[in-house]
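Colleague: Sharing a structure with you now.
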Amino acid sequence: MDDKAMKECVVVTGGAGFLGSHLCRRLVGEGHQVVCVDNFQTGRRANIESLLGNPLFSLLRHDVVNPLHYDLRPTQIYNLACAASPRLYQADPVHTLRTCVYGAFNLLELGRRTGARVLQASTSEVYGDPHVHPQSESYRGNVNMVGVRSCYDEGKRCAETLFSDYGRRKRVVVKIARIFNTYGPGMAQDDGRVVSNFVTQALKGQDLTIYGDGTQTRSLCYVDDLIEGLVSLMNSVDTFQGPVNLGNPTETTVLDIAMQVRRLAGARVSFVFEPRPADDPEQRCPDILLARRHLGWTPRTGMEEGLRKTVEYFSGVLGQTSAGTVSGISAGSARA
Ligand code: NAD
Ligand code: UDP
């Protein structure tokens, strides 16, 4: 890390990941000095390549499970560090839990020492497999605390507890965003989440893998909308700490996502039905009344537009890596 990071800055942990890299670009674009803290567990250099030569951007390779003993002077800290794909956060569950809990603690301590406000990227997974629908922030959830997803779900719940206690004791101005499924350009093609899987499969001419019968639902938020919500929350009045749901309330079945992706990718492929992963939530949809009321925030990008942009992005990525396989498929050229 160089001297420029020692100036007043905004820290983004997980800044080399999907959401973090979008956030770093947004903040640098607004003229902020940004320090990206990442251990590159799931993050990629390609995500931040365009920022590396920028004088407003610094990279600090660091695992947030360890305290940050650097001479940083942040005014704001966005804590996004944590693998978000179920396959990836389950790969090393103990590290995931340590990332969620120790990471939250270490960033809150940095906030306490420096006076920076700290925003936690929490998740709709704190609701587990919900019995209440749509999910509002007052719902306390239905999490299997000994299941394969619990390293993430319980880790994020514990992080919310830490944030709430630091906030209550007035040690730090805290903000908690409960993020619902977000997608868009910059996702890793191999990260295993539904949109990246379907789009890359469709573009490669492979059958789309639907887990279960595809009737389970998700509500997909386009990345630009989500980033807008995070920035609005960070800059909201001190007294509004959330938790607040950030997501697109348009609920869609997984089967419908598959059909839309196949059409937009113009792919002549079928669906293969595979077993549902353990504890896979059946239904998920955010109630975003609180975000509308306190942040004036609402998602603007429809699924057709968002998926089209995502198909375009992966078309470019796959075109570079395996030109032969995907040549001839252009985003939006529906053939089906
Ligand atoms: P991602 O996996 O693309 O990015 C996570 C980033 O955190 C990566 O760059 C990774 O290397 C880094 N990281 C992981 N563990 C770390 C550690 N111990 N120390 C330092 N860096 C570490 O995931 P994403 O989709 O960008 O998600 C970002 C955040 O948003 C996560 O905290 C996730 O829980 C939360 N979130 C995302 C979604 C979504 O749909 N994308 C939904 C809910 C919550
Ligand atoms: N899913 C699927 N096929 C895939 C990847 C995911 O059917 O190739 C399903 C998965 O079982 C879940 C939904 O899509 O019901 C969303 O999965 P994802 O891993 O993207 O996110 P999460 O389960 O964390 O919401």
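Ordered as shown in the structure tokens, chains take letters A, B, and onward, while each chain numbers its residues from 1 and ligands are numbered from 1 in the order shown.
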I need the residues of range 51-235 of chain A that end up classed as helix (DSSP H, G or I) by DSSP on the backbone, written out as an MDAnalysis selection string.

Modeller: chainID A and resid 51 86:89 93:114 124:127 150:168 194:203 223:234

Colleague: Please identify all protein, DNA and RNA residues within 7 Å of ligand 2, counting only C-alpha atoms and all ligand atoms, and report them as a PyMOL selection string.

Modeller: chain A and resi 85-86+181+192-195+197-198+208-212+214+216-218+254+276-277+280-282

Colleague: At a cut-off of 8 Å and counting only C-alpha atoms and all ligand atoms, what residues surround ligand 1? Please answer as an mmCIF file with N, CA and C atoms, in the first residue's frame.

Modeller:
data_model
loop_
_atom_site.group_PDB
_atom_site.id
_atom_site.type_symbol
_atom_site.label_atom_id
_atom_site.label_comp_id
_atom_site.auth_asym_id
_atom_site.auth_seq_id
_atom_site.Cartn_x
_atom_site.Cartn_y
_atom_site.Cartn_z
ATOM 1 N N THR A 13 -13.953 -3.296 1.806
ATOM 2 C CA THR A 13 -13.439 -4.662 1.925
ATOM 3 C C THR A 13 -14.209 -5.543 0.934
ATOM 4 N N GLY A 14 -13.513 -6.513 0.365
ATOM 5 C CA GLY A 14 -14.131 -7.310 -0.697
ATOM 6 C C GLY A 14 -14.212 -6.520 -1.990
ATOM 7 N N GLY A 15 -13.351 -5.510 -2.106
ATOM 8 C CA GLY A 15 -13.414 -4.589 -3.253
ATOM 9 C C GLY A 15 -13.009 -5.202 -4.579
ATOM 10 N N ALA A 16 -12.398 -6.392 -4.550
ATOM 11 C CA ALA A 16 -12.042 -7.037 -5.823
ATOM 12 C C ALA A 16 -13.101 -8.051 -6.249
ATOM 13 N N GLY A 17 -14.175 -8.124 -5.481
ATOM 14 C CA GLY A 17 -15.259 -9.045 -5.815
ATOM 15 C C GLY A 17 -16.258 -8.404 -6.769
ATOM 16 N N PHE A 18 -17.354 -9.099 -6.967
ATOM 17 C CA PHE A 18 -18.384 -8.630 -7.907
ATOM 18 C C PHE A 18 -18.962 -7.274 -7.471
ATOM 19 N N LEU A 19 -19.615 -7.237 -6.324
ATOM 20 C CA LEU A 19 -20.226 -5.975 -5.898
ATOM 21 C C LEU A 19 -19.170 -4.945 -5.513
ATOM 22 N N GLY A 20 -18.123 -5.407 -4.826
ATOM 23 C CA GLY A 20 -17.101 -4.486 -4.332
ATOM 24 C C GLY A 20 -16.422 -3.712 -5.456
ATOM 25 N N SER A 21 -16.171 -4.380 -6.569
ATOM 26 C CA SER A 21 -15.471 -3.685 -7.663
ATOM 27 C C SER A 21 -16.387 -2.638 -8.310
ATOM 28 N N VAL A 37 -9.660 -3.492 0.197
ATOM 29 C CA VAL A 37 -9.025 -4.500 1.054
ATOM 30 C C VAL A 37 -9.575 -5.859 0.646
ATOM 31 N N ASP A 38 -8.714 -6.753 0.218
ATOM 32 C CA ASP A 38 -9.213 -8.039 -0.293
ATOM 33 C C ASP A 38 -8.148 -9.112 -0.147
ATOM 34 N N ASN A 39 -8.581 -10.343 0.120
ATOM 35 C CA ASN A 39 -7.614 -11.456 0.170
ATOM 36 C C ASN A 39 -7.652 -12.304 -1.103
ATOM 37 N N PHE A 40 -8.481 -11.908 -2.057
ATOM 38 C CA PHE A 40 -8.598 -12.571 -3.359
ATOM 39 C C PHE A 40 -9.060 -14.023 -3.260
ATOM 40 N N GLN A 41 -9.827 -14.308 -2.245
ATOM 41 C CA GLN A 41 -10.399 -15.656 -2.132
ATOM 42 C C GLN A 41 -11.361 -15.927 -3.295
ATOM 43 N N THR A 42 -12.279 -15.000 -3.524
ATOM 44 C CA THR A 42 -13.166 -15.120 -4.687
ATOM 45 C C THR A 42 -13.049 -13.891 -5.586
ATOM 46 N N GLY A 43 -12.320 -12.896 -5.139
ATOM 47 C CA GLY A 43 -12.157 -11.680 -5.937
ATOM 48 C C GLY A 43 -11.151 -11.914 -7.052
ATOM 49 N N ARG A 44 -11.171 -11.021 -8.030
ATOM 50 C CA ARG A 44 -10.290 -11.205 -9.198
ATOM 51 C C ARG A 44 -9.650 -9.887 -9.575
ATOM 52 N N ARG A 61 -3.811 -6.070 0.068
ATOM 53 C CA ARG A 61 -4.112 -7.502 0.132
ATOM 54 C C ARG A 61 -4.103 -7.916 1.602
ATOM 55 N N HIS A 62 -5.237 -8.260 2.116
ATOM 56 C CA HIS A 62 -5.353 -8.509 3.554
ATOM 57 C C HIS A 62 -6.580 -9.369 3.799
ATOM 58 N N ASP A 63 -6.464 -10.282 4.754
ATOM 59 C CA ASP A 63 -7.611 -11.092 5.146
ATOM 60 C C ASP A 63 -8.261 -10.425 6.363
ATOM 61 N N VAL A 64 -9.539 -10.097 6.245
ATOM 62 C CA VAL A 64 -10.191 -9.321 7.319
ATOM 63 C C VAL A 64 -10.389 -10.116 8.604
ATOM 64 N N VAL A 65 -10.096 -11.409 8.595
ATOM 65 C CA VAL A 65 -10.154 -12.137 9.871
ATOM 66 C C VAL A 65 -9.054 -11.631 10.807
ATOM 67 N N ASN A 79 -18.115 -2.872 4.437
ATOM 68 C CA ASN A 79 -17.605 -4.224 4.677
ATOM 69 C C ASN A 79 -18.324 -5.241 3.791
ATOM 70 N N LEU A 80 -17.719 -5.517 2.647
ATOM 71 C CA LEU A 80 -18.317 -6.463 1.698
ATOM 72 C C LEU A 80 -17.540 -7.775 1.643
ATOM 73 N N ALA A 81 -16.476 -7.894 2.423
ATOM 74 C CA ALA A 81 -15.630 -9.085 2.318
ATOM 75 C C ALA A 81 -16.385 -10.326 2.776
ATOM 76 N N CYS A 82 -16.599 -11.235 1.883
ATOM 77 C CA CYS A 82 -17.158 -12.564 2.164
ATOM 78 C C CYS A 82 -17.593 -13.190 0.846
ATOM 79 N N ALA A 83 -17.223 -14.427 0.642
ATOM 80 C CA ALA A 83 -17.739 -15.136 -0.537
ATOM 81 C C ALA A 83 -19.262 -15.150 -0.442
ATOM 82 N N ALA A 84 -19.927 -14.946 -1.575
ATOM 83 C CA ALA A 84 -21.394 -14.858 -1.539
ATOM 84 C C ALA A 84 -22.074 -16.051 -2.216
ATOM 85 N N SER A 85 -21.359 -16.748 -3.055
ATOM 86 C CA SER A 85 -21.960 -17.899 -3.738
ATOM 87 C C SER A 85 -22.006 -19.092 -2.784
ATOM 88 N N LEU A 88 -19.150 -21.477 -2.993
ATOM 89 C CA LEU A 88 -17.848 -20.955 -2.557
ATOM 90 C C LEU A 88 -17.793 -20.698 -1.058
ATOM 91 N N HIS A 95 -13.675 -20.749 7.675
ATOM 92 C CA HIS A 95 -13.123 -19.451 7.266
ATOM 93 C C HIS A 95 -14.247 -18.465 6.945
ATOM 94 N N THR A 96 -15.328 -18.964 6.371
ATOM 95 C CA THR A 96 -16.470 -18.083 6.073
ATOM 96 C C THR A 96 -17.026 -17.480 7.369
ATOM 97 N N ARG A 98 -15.432 -17.134 10.178
ATOM 98 C CA ARG A 98 -14.431 -16.206 10.736
ATOM 99 C C ARG A 98 -14.460 -14.876 9.971
ATOM 100 N N THR A 99 -14.629 -14.972 8.656
ATOM 101 C CA THR A 99 -14.708 -13.749 7.843
ATOM 102 C C THR A 99 -15.884 -12.893 8.300
ATOM 103 N N CYS A 100 -17.034 -13.538 8.477
ATOM 104 C CA CYS A 100 -18.239 -12.793 8.860
ATOM 105 C C CYS A 100 -18.068 -12.162 10.244
ATOM 106 N N GLY A 103 -14.235 -10.550 10.865
ATOM 107 C CA GLY A 103 -14.170 -9.446 9.892
ATOM 108 C C GLY A 103 -15.010 -8.269 10.366
ATOM 109 N N GLN A 120 -22.340 -2.636 6.831
ATOM 110 C CA GLN A 120 -22.219 -4.081 6.705
ATOM 111 C C GLN A 120 -23.070 -4.590 5.550
ATOM 112 N N ALA A 121 -22.426 -5.358 4.643
ATOM 113 C CA ALA A 121 -23.173 -6.050 3.590
ATOM 114 C C ALA A 121 -23.747 -7.313 4.196
ATOM 115 N N SER A 122 -24.955 -7.216 4.728
ATOM 116 C CA SER A 122 -25.640 -8.402 5.233
ATOM 117 C C SER A 122 -26.437 -9.008 4.078
ATOM 118 N N THR A 123 -27.343 -9.846 4.377
ATOM 119 C CA THR A 123 -27.940 -10.648 3.309
ATOM 120 C C THR A 123 -29.368 -11.093 3.635
ATOM 121 N N SER A 124 -30.121 -11.373 2.591
ATOM 122 C CA SER A 124 -31.451 -11.972 2.753
ATOM 123 C C SER A 124 -31.344 -13.356 3.395
ATOM 124 N N GLU A 125 -30.145 -13.944 3.372
ATOM 125 C CA GLU A 125 -29.954 -15.268 3.998
ATOM 126 C C GLU A 125 -30.180 -15.224 5.505
ATOM 127 N N TYR A 152 -22.554 -19.186 6.674
ATOM 128 C CA TYR A 152 -22.817 -17.875 6.072
ATOM 129 C C TYR A 152 -23.986 -17.196 6.783
ATOM 130 N N LYS A 156 -23.470 -14.071 9.190
ATOM 131 C CA LYS A 156 -24.022 -12.752 8.859
ATOM 132 C C LYS A 156 -24.972 -12.267 9.953
ATOM 133 N N ARG A 178 -29.397 -5.440 4.109
ATOM 134 C CA ARG A 178 -29.710 -6.849 3.814
ATOM 135 C C ARG A 178 -29.907 -6.974 2.301
ATOM 136 N N ILE A 179 -28.869 -7.473 1.673
ATOM 137 C CA ILE A 179 -28.849 -7.523 0.205
ATOM 138 C C ILE A 179 -29.527 -8.803 -0.284
ATOM 139 N N PHE A 180 -30.426 -8.642 -1.253
ATOM 140 C CA PHE A 180 -31.063 -9.794 -1.901
ATOM 141 C C PHE A 180 -30.327 -10.076 -3.216
ATOM 142 N N ASN A 181 -30.568 -11.259 -3.779
ATOM 143 C CA ASN A 181 -29.810 -11.731 -4.959
ATOM 144 C C ASN A 181 -29.554 -10.638 -5.981
ATOM 145 N N THR A 182 -28.288 -10.379 -6.208
ATOM 146 C CA THR A 182 -27.886 -9.332 -7.154
ATOM 147 C C THR A 182 -27.018 -9.941 -8.249
ATOM 148 N N TYR A 183 -27.169 -9.444 -9.455
ATOM 149 C CA TYR A 183 -26.484 -10.032 -10.605
ATOM 150 C C TYR A 183 -26.047 -8.916 -11.540
ATOM 151 N N MET A 187 -19.712 -10.585 -12.531
ATOM 152 C CA MET A 187 -19.784 -11.856 -11.780
ATOM 153 C C MET A 187 -18.747 -12.799 -12.370
ATOM 154 N N ALA A 188 -18.226 -13.672 -11.532
ATOM 155 C CA ALA A 188 -17.272 -14.660 -12.047
ATOM 156 C C ALA A 188 -18.047 -15.767 -12.755
ATOM 157 N N ASP A 191 -18.662 -18.933 -10.626
ATOM 158 C CA ASP A 191 -18.933 -18.799 -9.189
ATOM 159 C C ASP A 191 -20.150 -19.587 -8.719
ATOM 160 N N CYS A 221 -31.898 -8.455 -8.392
ATOM 161 C CA CYS A 221 -31.642 -7.011 -8.452
ATOM 162 C C CYS A 221 -30.419 -6.769 -9.341
#

Colleague: Near Val11 in chain A, counting only C-alpha atoms, which residues have an atom at most 10 Å away, once you skip same-chain residues fewer than 5 positions from it, shown as a list of chain:residue names?

Modeller: A:Ala5, A:Cys24, A:Gln33, A:Val34, A:Val35, A:Cys36, A:Val37, A:Ser58, A:Leu59, A:Leu60, A:Leu72, A:Arg73, A:Pro74, A:Thr75, A:Gln76, A:Ile77, A:Tyr78, A:Asn79, A:Leu107, A:Ala116, A:Val118

Colleague: Using only C-alpha atoms, tabulate the residues of range 215-235 of chain A lying at most 12 Å from any atom of range 308-315 of chain A, each with its closest atom pair and that distance in Å to one decimal, by chain and increasing residue number, as CSV.

Modeller:
residue,atom,partner,partner_atom,distance
A:Tyr222,CA,A:Thr310,CA,9.3
A:Val223,CA,A:Thr310,CA,10.0
A:Asp224,CA,A:Lys309,CA,11.3

Colleague: Name the closest residue to Ser136 in chain A among the candidates A:Arg300, A:Gln260, A:Ile288, A:Leu318; distances are taken between atoms, counting only C-alpha atoms.

Modeller: A:Ile288

Colleague: Mind the document's chain letters and residue numbers, and return as a list in words the residues of range 48-115 of chain A that DSSP labels strand (DSSP E).

Modeller: Phe57, Ser58, Leu59, Leu60, Arg61, Arg73, Pro74, Thr75, Gln76, Ile77, Tyr78 and Asn79 of chain A

Colleague: Report, in Å to a single decimal, how far apart CA of His294 in chain A and CA of Asn106 in chain A are.

Modeller: 28.0 Å

Colleague: Please determine, counting only C-alpha atoms, which residue among A:Val173, A:Val94, A:Val244, A:Val12 has the shortest atom-to-atom distance to Gly115 in chain A.

Modeller: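 Using only C-alpha atoms, Gly115 in chain A sits closest to A:Val173.
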
Colleague: Using only C-alpha atoms, find the one residue out of A:Gly155, A:Pro134, A:Gly128, A:Gly266 that sits nearest to Gly247 in chain A.

Modeller: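 With only C-alpha atoms as the atom set, the closest residue is A:Pro134.
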
Colleague: With only C-alpha atoms as the counted atoms, please give the residues lying no more than 10 Å from Asn235 in chain A, apart from itself and same-chain residues fewer than 5 positions off, as a list in words.

Modeller: Gln76, Arg117, Lys175, Gly229, Leu230, Phe240 and Leu295 of chain A

Colleague: Mind giving me the straight-line distance from CA of Ala91 in chain A to CA of Phe163 in chain A in Å, one decimal?

Modeller: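 Rounded to one decimal, the two atoms are 25.9 Å apart.
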